[in-house]
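Written out below as structure tokens is the structure these notes cover.
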Amino acid sequence: MNPSLRQDIVARLIRDYRAEERGQYLQKVLCPDCGKREAYISADTPWMLKCGRENNCGSQIHVKALFPELFSSWSERYDTPEARQQSKTPVADGYLRDGRGFDLARIGTWYSQESYWKQDIGGTATVRFILPGGAYWERLLDKPERFGKQKANFVGRYKGDWWQPPALTVEDLATLDEVWIVEGIFDAIALYHHGIAAVSAMSCTNYPSIALKTLADAAHSAGVSRPALIWALDSNRAGQNAIHKHVKRARAEGWECKAAQTSGAGTHDWNDCHQRSELTDKHLTTYRHLGDLLLAPSAMAKALILYRRTERRECWFEFKRQIWWWKLDVDAFDRAVRAEGADGGDQQQLDPAMRDAALEQAGSVKRICTCFPSALYYQANVVTDESWYYFRVEFPDGRSPVKNTFSGGQLASASEYKKRLLGVAPGAVWTGTSQQLDSLLQDQIGNIKTVETIDFIGYSKEHTAYVFGDLAVAGGKVIPINSEDFFELGPRQQLKSLSQSVTLHINTDRDAYRRDWTRQLLGAFSCKGVVALSYWLGSLLAEQIRADMGSFPFLEIVGEAGAGKSTLIEFLWKLVGRRDYEGFDPSKATMPARSRNFAQVSNLPVVLIESDREQEGGAKQKQFDWDELKTAFNGRSIRARGVKNSGNDTYEPPFRGSIVISQNASVQAGEAIQTRICHLHFTREGQNRQTKELAEALEKAALEHVSQFALEVATREAELLELITQRAREYAERLADDPDIKVLRIAKCHGQLMALVDCLGPDGLDLFDAQVIDVAAGHVFEMARQRQQSINADHPMVAEFWEAFDYLEGLRPEPLLDHYGGEGELIAINLKDFERACGEYRLRVPEIRELKRYLKSSKTRKFVDANRTVRSRIRMNGSSVKCWIFQA
């Protein structure tokens, strides 16, 4: 092993998995699968980590799976002056030796070290193998993830041929008993290390007709029988389907065919088995057995193959995507054996042909399910105490598999299982008994893996990962969802979202990302559009910002009808992959619906649309109280509800997103809410034909060309947060020093927004030039001053109250409503008198219940006391009256 690689691996094992060096081994290593400190690994050659809990875990993990970053760039580690002096192919040598576990003395002249270049991506070293006919295949070595799904490069045609180890000639192959046909070149080399003659078909779809004809001619010329073909393609569905197809064709051409399959349903190939020391005679026997099961021509034949190995008298098995049940009648077997004149006491002593004939007579197979349901993993919602088993259901007619959940109750009896299966898989029928179902489940869920779940879409603080529909981002890397519908974030980190309400479609093709929308956004909405975009960027980092600064502001986008607010917001949603959506109207939603809207996203905006704000005094306006949002500012729960159980548990989900308020009129709320809001006001002023065309271009922008914005932010999370943390505090201090800004919360909120504006400039995502960023930051500064001015003013309902009061008091020379008679420094008002006087003079009466909430915040005449008993100076009898007291 390369000394520097060994040193890095050992250091990571000690740091990340708490390994302890003890002699020849690193011991007490934290097992990535079971979480127990009972794993161990060789100290000199730390390749395979093995768990010592053989019965409960026994997992074996290659260090490449634990630390893939140590094996991502081979040139950096192996392309050194010292290495180049010793070998012409140092990078390829290091990859084949340390990355694939090969003995270079055996394959020293089979390959060469070359390079590969791709426009806009760059170059990489490769290890190249020459194919028949002058073609070649090369594996990309340095950070191959840069090239997307491309891990290798083919040049030339190889259809109908195969690659064989140069040490084996076709004459050598012709004289062998069997030749193994695998997919990859590395698989063939791995088997060659264990004395197995293997050739590479290069692809499971490539039937090597030319090579087989050459081999048949060589066997004929040598006067020997053709070797048997062992089809050992990958053990996934594609490989297995190809084996069936190729075996049928090869047998028609006169070849004897068998198969071999690795265990693990395609998770390991032959090279993996070589590195895991799983190519011993015992292991090969198992692989041949799995191959025999794959090629079994009938359900009875497969049952007999299983019985010969396990001798289980009753068991289930899968055949052609259906479940069958095998049962052996022992008495019938004994009768069949005795009928042939033998004693059936010891089956192993019987003639194999006689034994098979007797087993076929005495055994029975019965189909108990018309499809093949297999349990993939267990998932649970800890908060609601609900759990499910996630199943994949495959069909014999080749239809696409169906995946869905089964609850514990639905697996408890055959009748419930049958109902659920009929509900999720069209045409699937279970006809087995509960006993047979128990046997099936014991094998499928006995040691099933657990996948953690979240009930929202977006950022999971506990897993430090973004979950965006069918892709996730963790540690700056984009992780696609796997075939079992969850994300593998790392060892013991499997995650999926249970949320189905919010659907995001984010295009991972960075080449399709177009940035002309930035020009259109600036032209249509000027610097206000840039400020709104910066808040949208901050929404994608809201959880992290709150964790560092304690809070994240709200954004209010208001203005005249037709100012383009809806166009702007719908386009901003496109940037994070949400199509044809603006928000929801809280005044039209029930309390449970509102709370679920707030809880179903994380690091994404929750947009509140108040379409009825202009209907003053209307019932809908009363339904939503802006003060409900206070706790969302700090990321705390907006609403709590009881958990449906027999205890006193409650569910209080924290608020994980951001809040955007879009309406025609400004939010009318108390100072506590107003200071939490950054206010953007849009008007129709400046609109012309050009701005209209730019806005229409934003409306037509394709999701596939702009949704990469979310990936840009998520993958550059660390550097953006560093920029925000540094500058938000600087801007907040600058705003707090401004004499026009008195409230520190206003300074903090707008300081954060100014830092987010910087993230769009050259120091961040570089979407706008420095001049645009300066103008947008200046606008935010002015927004902070205007917010302070709005805080200094009375609430509109209070202002209306004093306007009516002054009007009524001015109608007569003597006081009408002030029970202090206009003397002194205080005013005493009875609200019932005020309401009666407004009615008499036909003035609109503010809602008294609402008015009482805001009168205490009166600023033009400062509130002193409520319901103080005052001896009236304006009533005839001078009686006592309950009054609200204000400074005159």
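Here's how to read the names in the structure tokens: chain A, B, ... by the order shown, residue numbers from 1 in each chain, ligand numbers from 1 in the order shown.
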
(Q) Just list as a ChimeraX atom specification whatever in range 550-794 of chain A DSSP marks as strand (DSSP E). (A) /A:554-559,601-610,641-642,650-651,656-663,677-682

Q | Contacts of Asp281 in chain A at 12 Å (only C-alpha atoms; same-chain gap of 5+ positions) as a list of chain:residue names | A | A:His194, A:Gly195, A:Ile196, A:Thr286, A:Tyr287, A:Arg288

Save the residues we just selected, all heavy atoms, as a PDB file, in the first residue's frame?
```pdb
ATOM      1  N   HIS A 194      -7.449 -15.514  -9.335  1.00  0.00           N
ATOM      2  CA  HIS A 194      -7.830 -16.699  -8.566  1.00  0.00           C
ATOM      3  C   HIS A 194      -7.891 -17.948  -9.447  1.00  0.00           C
ATOM      4  O   HIS A 194      -8.592 -18.910  -9.108  1.00  0.00           O
ATOM      5  CB  HIS A 194      -9.178 -16.454  -7.883  1.00  0.00           C
ATOM      6  CG  HIS A 194      -9.123 -15.343  -6.868  1.00  0.00           C
ATOM      7  ND1 HIS A 194      -8.881 -15.571  -5.529  1.00  0.00           N
ATOM      8  CD2 HIS A 194      -9.243 -13.994  -7.009  1.00  0.00           C
ATOM      9  CE1 HIS A 194      -8.866 -14.421  -4.883  1.00  0.00           C
ATOM     10  NE2 HIS A 194      -9.093 -13.451  -5.764  1.00  0.00           N
ATOM     11  N   GLY A 195      -7.182 -17.890 -10.552  1.00  0.00           N
ATOM     12  CA  GLY A 195      -7.060 -19.054 -11.401  1.00  0.00           C
ATOM     13  C   GLY A 195      -8.267 -19.361 -12.249  1.00  0.00           C
ATOM     14  O   GLY A 195      -8.434 -20.495 -12.712  1.00  0.00           O
ATOM     15  N   ILE A 196      -9.103 -18.383 -12.482  1.00  0.00           N
ATOM     16  CA  ILE A 196     -10.312 -18.578 -13.293  1.00  0.00           C
ATOM     17  C   ILE A 196     -10.118 -17.860 -14.622  1.00  0.00           C
ATOM     18  O   ILE A 196      -9.794 -16.665 -14.658  1.00  0.00           O
ATOM     19  CB  ILE A 196     -11.555 -18.033 -12.568  1.00  0.00           C
ATOM     20  CG1 ILE A 196     -11.779 -18.785 -11.257  1.00  0.00           C
ATOM     21  CG2 ILE A 196     -12.791 -18.121 -13.468  1.00  0.00           C
ATOM     22  CD1 ILE A 196     -12.900 -18.209 -10.416  1.00  0.00           C
ATOM     23  N   THR A 286     -21.037 -21.093  -3.682  1.00  0.00           N
ATOM     24  CA  THR A 286     -22.270 -20.316  -3.476  1.00  0.00           C
ATOM     25  C   THR A 286     -22.652 -19.545  -4.734  1.00  0.00           C
ATOM     26  O   THR A 286     -23.827 -19.512  -5.128  1.00  0.00           O
ATOM     27  CB  THR A 286     -22.084 -19.336  -2.307  1.00  0.00           C
ATOM     28  OG1 THR A 286     -21.790 -20.070  -1.120  1.00  0.00           O
ATOM     29  CG2 THR A 286     -23.328 -18.491  -2.091  1.00  0.00           C
ATOM     30  N   TYR A 287     -21.672 -18.966  -5.407  1.00  0.00           N
ATOM     31  CA  TYR A 287     -21.961 -18.189  -6.616  1.00  0.00           C
ATOM     32  C   TYR A 287     -22.494 -19.084  -7.738  1.00  0.00           C
ATOM     33  O   TYR A 287     -23.393 -18.677  -8.486  1.00  0.00           O
ATOM     34  CB  TYR A 287     -20.709 -17.453  -7.081  1.00  0.00           C
ATOM     35  CG  TYR A 287     -20.108 -16.532  -6.042  1.00  0.00           C
ATOM     36  CD1 TYR A 287     -18.731 -16.309  -5.974  1.00  0.00           C
ATOM     37  CD2 TYR A 287     -20.913 -15.882  -5.103  1.00  0.00           C
ATOM     38  CE1 TYR A 287     -18.169 -15.471  -5.018  1.00  0.00           C
ATOM     39  CE2 TYR A 287     -20.368 -15.041  -4.144  1.00  0.00           C
ATOM     40  CZ  TYR A 287     -18.998 -14.844  -4.102  1.00  0.00           C
ATOM     41  OH  TYR A 287     -18.450 -14.018  -3.148  1.00  0.00           O
ATOM     42  N   ARG A 288     -21.966 -20.274  -7.850  1.00  0.00           N
ATOM     43  CA  ARG A 288     -22.485 -21.206  -8.859  1.00  0.00           C
ATOM     44  C   ARG A 288     -23.906 -21.643  -8.517  1.00  0.00           C
ATOM     45  O   ARG A 288     -24.749 -21.799  -9.416  1.00  0.00           O
ATOM     46  CB  ARG A 288     -21.570 -22.429  -8.960  1.00  0.00           C
ATOM     47  CG  ARG A 288     -20.198 -22.150  -9.583  1.00  0.00           C
ATOM     48  CD  ARG A 288     -19.335 -23.395  -9.541  1.00  0.00           C
ATOM     49  NE  ARG A 288     -17.996 -23.173 -10.040  1.00  0.00           N
ATOM     50  CZ  ARG A 288     -17.630 -23.304 -11.324  1.00  0.00           C
ATOM     51  NH1 ARG A 288     -18.540 -23.636 -12.232  1.00  0.00           N
ATOM     52  NH2 ARG A 288     -16.390 -23.093 -11.712  1.00  0.00           N
TER      53      ARG A 288
END
```

Skip Glu560 in chain A itself and residues of its chain fewer than 6 positions away, then list as a PDB file with all heavy atoms, in the first residue's frame all residues within 12 Å of it, counting only C-alpha atoms.
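Once everything was written out, this is out_26.pdb:
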```
ATOM      1  N   SER A 566     -46.811  39.263  -8.436  1.00  0.00           N
ATOM      2  CA  SER A 566     -47.033  37.831  -8.690  1.00  0.00           C
ATOM      3  C   SER A 566     -46.031  37.286  -9.702  1.00  0.00           C
ATOM      4  O   SER A 566     -45.514  36.181  -9.549  1.00  0.00           O
ATOM      5  CB  SER A 566     -48.460  37.594  -9.192  1.00  0.00           C
ATOM      6  OG  SER A 566     -49.402  37.959  -8.204  1.00  0.00           O
ATOM      7  N   GLU A 614     -58.025  44.600   1.168  1.00  0.00           N
ATOM      8  CA  GLU A 614     -58.704  45.879   0.942  1.00  0.00           C
ATOM      9  C   GLU A 614     -60.145  45.861   1.418  1.00  0.00           C
ATOM     10  O   GLU A 614     -60.796  46.882   1.449  1.00  0.00           O
ATOM     11  CB  GLU A 614     -58.646  46.242  -0.540  1.00  0.00           C
ATOM     12  CG  GLU A 614     -57.222  46.517  -1.018  1.00  0.00           C
ATOM     13  CD  GLU A 614     -57.178  46.905  -2.480  1.00  0.00           C
ATOM     14  OE1 GLU A 614     -58.255  46.902  -3.108  1.00  0.00           O
ATOM     15  OE2 GLU A 614     -56.097  47.209  -2.988  1.00  0.00           O
ATOM     16  N   SER A 662     -47.061  38.792   0.573  1.00  0.00           N
ATOM     17  CA  SER A 662     -47.334  39.482  -0.686  1.00  0.00           C
ATOM     18  C   SER A 662     -48.789  39.916  -0.706  1.00  0.00           C
ATOM     19  O   SER A 662     -49.696  39.080  -0.605  1.00  0.00           O
ATOM     20  CB  SER A 662     -47.041  38.553  -1.868  1.00  0.00           C
ATOM     21  OG  SER A 662     -47.418  39.167  -3.086  1.00  0.00           O
ATOM     22  N   GLN A 663     -49.021  41.223  -0.807  1.00  0.00           N
ATOM     23  CA  GLN A 663     -50.382  41.746  -0.840  1.00  0.00           C
ATOM     24  C   GLN A 663     -50.345  43.173  -1.373  1.00  0.00           C
ATOM     25  O   GLN A 663     -49.274  43.726  -1.639  1.00  0.00           O
ATOM     26  CB  GLN A 663     -50.994  41.709   0.560  1.00  0.00           C
ATOM     27  CG  GLN A 663     -50.139  42.425   1.599  1.00  0.00           C
ATOM     28  CD  GLN A 663     -50.587  42.141   3.009  1.00  0.00           C
ATOM     29  OE1 GLN A 663     -51.113  41.074   3.291  1.00  0.00           O
ATOM     30  NE2 GLN A 663     -50.387  43.097   3.899  1.00  0.00           N
ATOM     31  N   ASN A 664     -51.527  43.760  -1.526  1.00  0.00           N
ATOM     32  CA  ASN A 664     -51.596  45.110  -2.067  1.00  0.00           C
ATOM     33  C   ASN A 664     -51.355  46.169  -0.995  1.00  0.00           C
ATOM     34  O   ASN A 664     -50.811  47.232  -1.278  1.00  0.00           O
ATOM     35  CB  ASN A 664     -52.951  45.347  -2.726  1.00  0.00           C
ATOM     36  CG  ASN A 664     -53.120  44.490  -3.976  1.00  0.00           C
ATOM     37  OD1 ASN A 664     -52.131  44.097  -4.591  1.00  0.00           O
ATOM     38  ND2 ASN A 664     -54.350  44.189  -4.335  1.00  0.00           N
ATOM     39  N   ALA A 665     -51.795  45.889   0.237  1.00  0.00           N
ATOM     40  CA  ALA A 665     -51.639  46.851   1.325  1.00  0.00           C
ATOM     41  C   ALA A 665     -50.611  46.342   2.324  1.00  0.00           C
ATOM     42  O   ALA A 665     -50.393  45.143   2.461  1.00  0.00           O
ATOM     43  CB  ALA A 665     -52.981  47.054   2.027  1.00  0.00           C
ATOM     44  N   SER A 666     -49.978  47.258   3.015  1.00  0.00           N
ATOM     45  CA  SER A 666     -48.961  46.881   3.991  1.00  0.00           C
ATOM     46  C   SER A 666     -49.587  46.131   5.165  1.00  0.00           C
ATOM     47  O   SER A 666     -50.775  46.286   5.474  1.00  0.00           O
ATOM     48  CB  SER A 666     -48.231  48.129   4.508  1.00  0.00           C
ATOM     49  OG  SER A 666     -47.599  48.806   3.450  1.00  0.00           O
ATOM     50  N   LEU A 680     -40.649  45.794   0.997  1.00  0.00           N
ATOM     51  CA  LEU A 680     -40.372  46.159  -0.399  1.00  0.00           C
ATOM     52  C   LEU A 680     -41.665  46.649  -1.028  1.00  0.00           C
ATOM     53  O   LEU A 680     -42.658  45.904  -1.081  1.00  0.00           O
ATOM     54  CB  LEU A 680     -39.848  44.945  -1.179  1.00  0.00           C
ATOM     55  CG  LEU A 680     -38.340  44.720  -1.245  1.00  0.00           C
ATOM     56  CD1 LEU A 680     -38.051  43.435  -2.025  1.00  0.00           C
ATOM     57  CD2 LEU A 680     -37.638  45.889  -1.917  1.00  0.00           C
ATOM     58  N   HIS A 681     -41.661  47.881  -1.511  1.00  0.00           N
ATOM     59  CA  HIS A 681     -42.878  48.461  -2.090  1.00  0.00           C
ATOM     60  C   HIS A 681     -42.707  48.606  -3.607  1.00  0.00           C
ATOM     61  O   HIS A 681     -41.758  49.221  -4.089  1.00  0.00           O
ATOM     62  CB  HIS A 681     -43.156  49.831  -1.468  1.00  0.00           C
ATOM     63  CG  HIS A 681     -44.465  50.412  -1.905  1.00  0.00           C
ATOM     64  ND1 HIS A 681     -45.680  49.951  -1.438  1.00  0.00           N
ATOM     65  CD2 HIS A 681     -44.744  51.417  -2.778  1.00  0.00           C
ATOM     66  CE1 HIS A 681     -46.649  50.646  -2.002  1.00  0.00           C
ATOM     67  NE2 HIS A 681     -46.114  51.546  -2.830  1.00  0.00           N
ATOM     68  N   PHE A 682     -43.654  48.018  -4.352  1.00  0.00           N
ATOM     69  CA  PHE A 682     -43.613  48.053  -5.817  1.00  0.00           C
ATOM     70  C   PHE A 682     -44.743  48.942  -6.335  1.00  0.00           C
ATOM     71  O   PHE A 682     -45.869  48.919  -5.807  1.00  0.00           O
ATOM     72  CB  PHE A 682     -43.766  46.647  -6.390  1.00  0.00           C
ATOM     73  CG  PHE A 682     -42.544  45.779  -6.209  1.00  0.00           C
ATOM     74  CD1 PHE A 682     -42.302  45.146  -5.002  1.00  0.00           C
ATOM     75  CD2 PHE A 682     -41.640  45.601  -7.240  1.00  0.00           C
ATOM     76  CE1 PHE A 682     -41.181  44.346  -4.830  1.00  0.00           C
ATOM     77  CE2 PHE A 682     -40.515  44.823  -7.079  1.00  0.00           C
ATOM     78  CZ  PHE A 682     -40.284  44.194  -5.877  1.00  0.00           C
ATOM     79  N   THR A 683     -44.442  49.696  -7.381  1.00  0.00           N
ATOM     80  CA  THR A 683     -45.452  50.544  -8.017  1.00  0.00           C
ATOM     81  C   THR A 683     -45.408  50.330  -9.528  1.00  0.00           C
ATOM     82  O   THR A 683     -44.492  49.681 -10.056  1.00  0.00           O
ATOM     83  CB  THR A 683     -45.194  52.032  -7.715  1.00  0.00           C
ATOM     84  OG1 THR A 683     -43.960  52.420  -8.344  1.00  0.00           O
ATOM     85  CG2 THR A 683     -45.101  52.277  -6.208  1.00  0.00           C
ATOM     86  N   ARG A 684     -46.389  50.891 -10.214  1.00  0.00           N
ATOM     87  CA  ARG A 684     -46.413  50.800 -11.678  1.00  0.00           C
ATOM     88  C   ARG A 684     -45.575  51.903 -12.325  1.00  0.00           C
ATOM     89  O   ARG A 684     -45.459  51.955 -13.553  1.00  0.00           O
ATOM     90  CB  ARG A 684     -47.851  50.874 -12.184  1.00  0.00           C
ATOM     91  CG  ARG A 684     -48.696  49.671 -11.811  1.00  0.00           C
ATOM     92  CD  ARG A 684     -50.013  49.670 -12.580  1.00  0.00           C
ATOM     93  NE  ARG A 684     -50.862  50.785 -12.194  1.00  0.00           N
ATOM     94  CZ  ARG A 684     -51.790  50.737 -11.238  1.00  0.00           C
ATOM     95  NH1 ARG A 684     -51.965  49.606 -10.557  1.00  0.00           N
ATOM     96  NH2 ARG A 684     -52.527  51.784 -10.941  1.00  0.00           N
ATOM     97  N   GLU A 685     -45.015  52.769 -11.505  1.00  0.00           N
ATOM     98  CA  GLU A 685     -44.199  53.868 -12.031  1.00  0.00           C
ATOM     99  C   GLU A 685     -42.979  53.313 -12.764  1.00  0.00           C
ATOM    100  O   GLU A 685     -42.290  52.419 -12.276  1.00  0.00           O
ATOM    101  CB  GLU A 685     -43.741  54.765 -10.878  1.00  0.00           C
ATOM    102  CG  GLU A 685     -42.963  55.981 -11.329  1.00  0.00           C
ATOM    103  CD  GLU A 685     -42.505  56.831 -10.160  1.00  0.00           C
ATOM    104  OE1 GLU A 685     -42.914  56.521  -9.019  1.00  0.00           O
ATOM    105  OE2 GLU A 685     -41.753  57.787 -10.389  1.00  0.00           O
TER     106      GLU A 685
END
```

Q.
Just want the 10 Å neighbourhood of Thr503 in chain A, counted on only C-alpha atoms, with same-chain residues fewer than 4 positions away dropped. Output as JSON, numbers by chain.
A. {"A": [457, 468, 469, 470, 499, 577, 578, 579]}

Q | Spatial neighbours of Leu168 in chain A, max dist 12 Å, only C-alpha atoms, sep filter under 2 positions, as a ChimeraX atom specification | A | /A:107,110,163-166,170-176,179,188-189,192,195-199
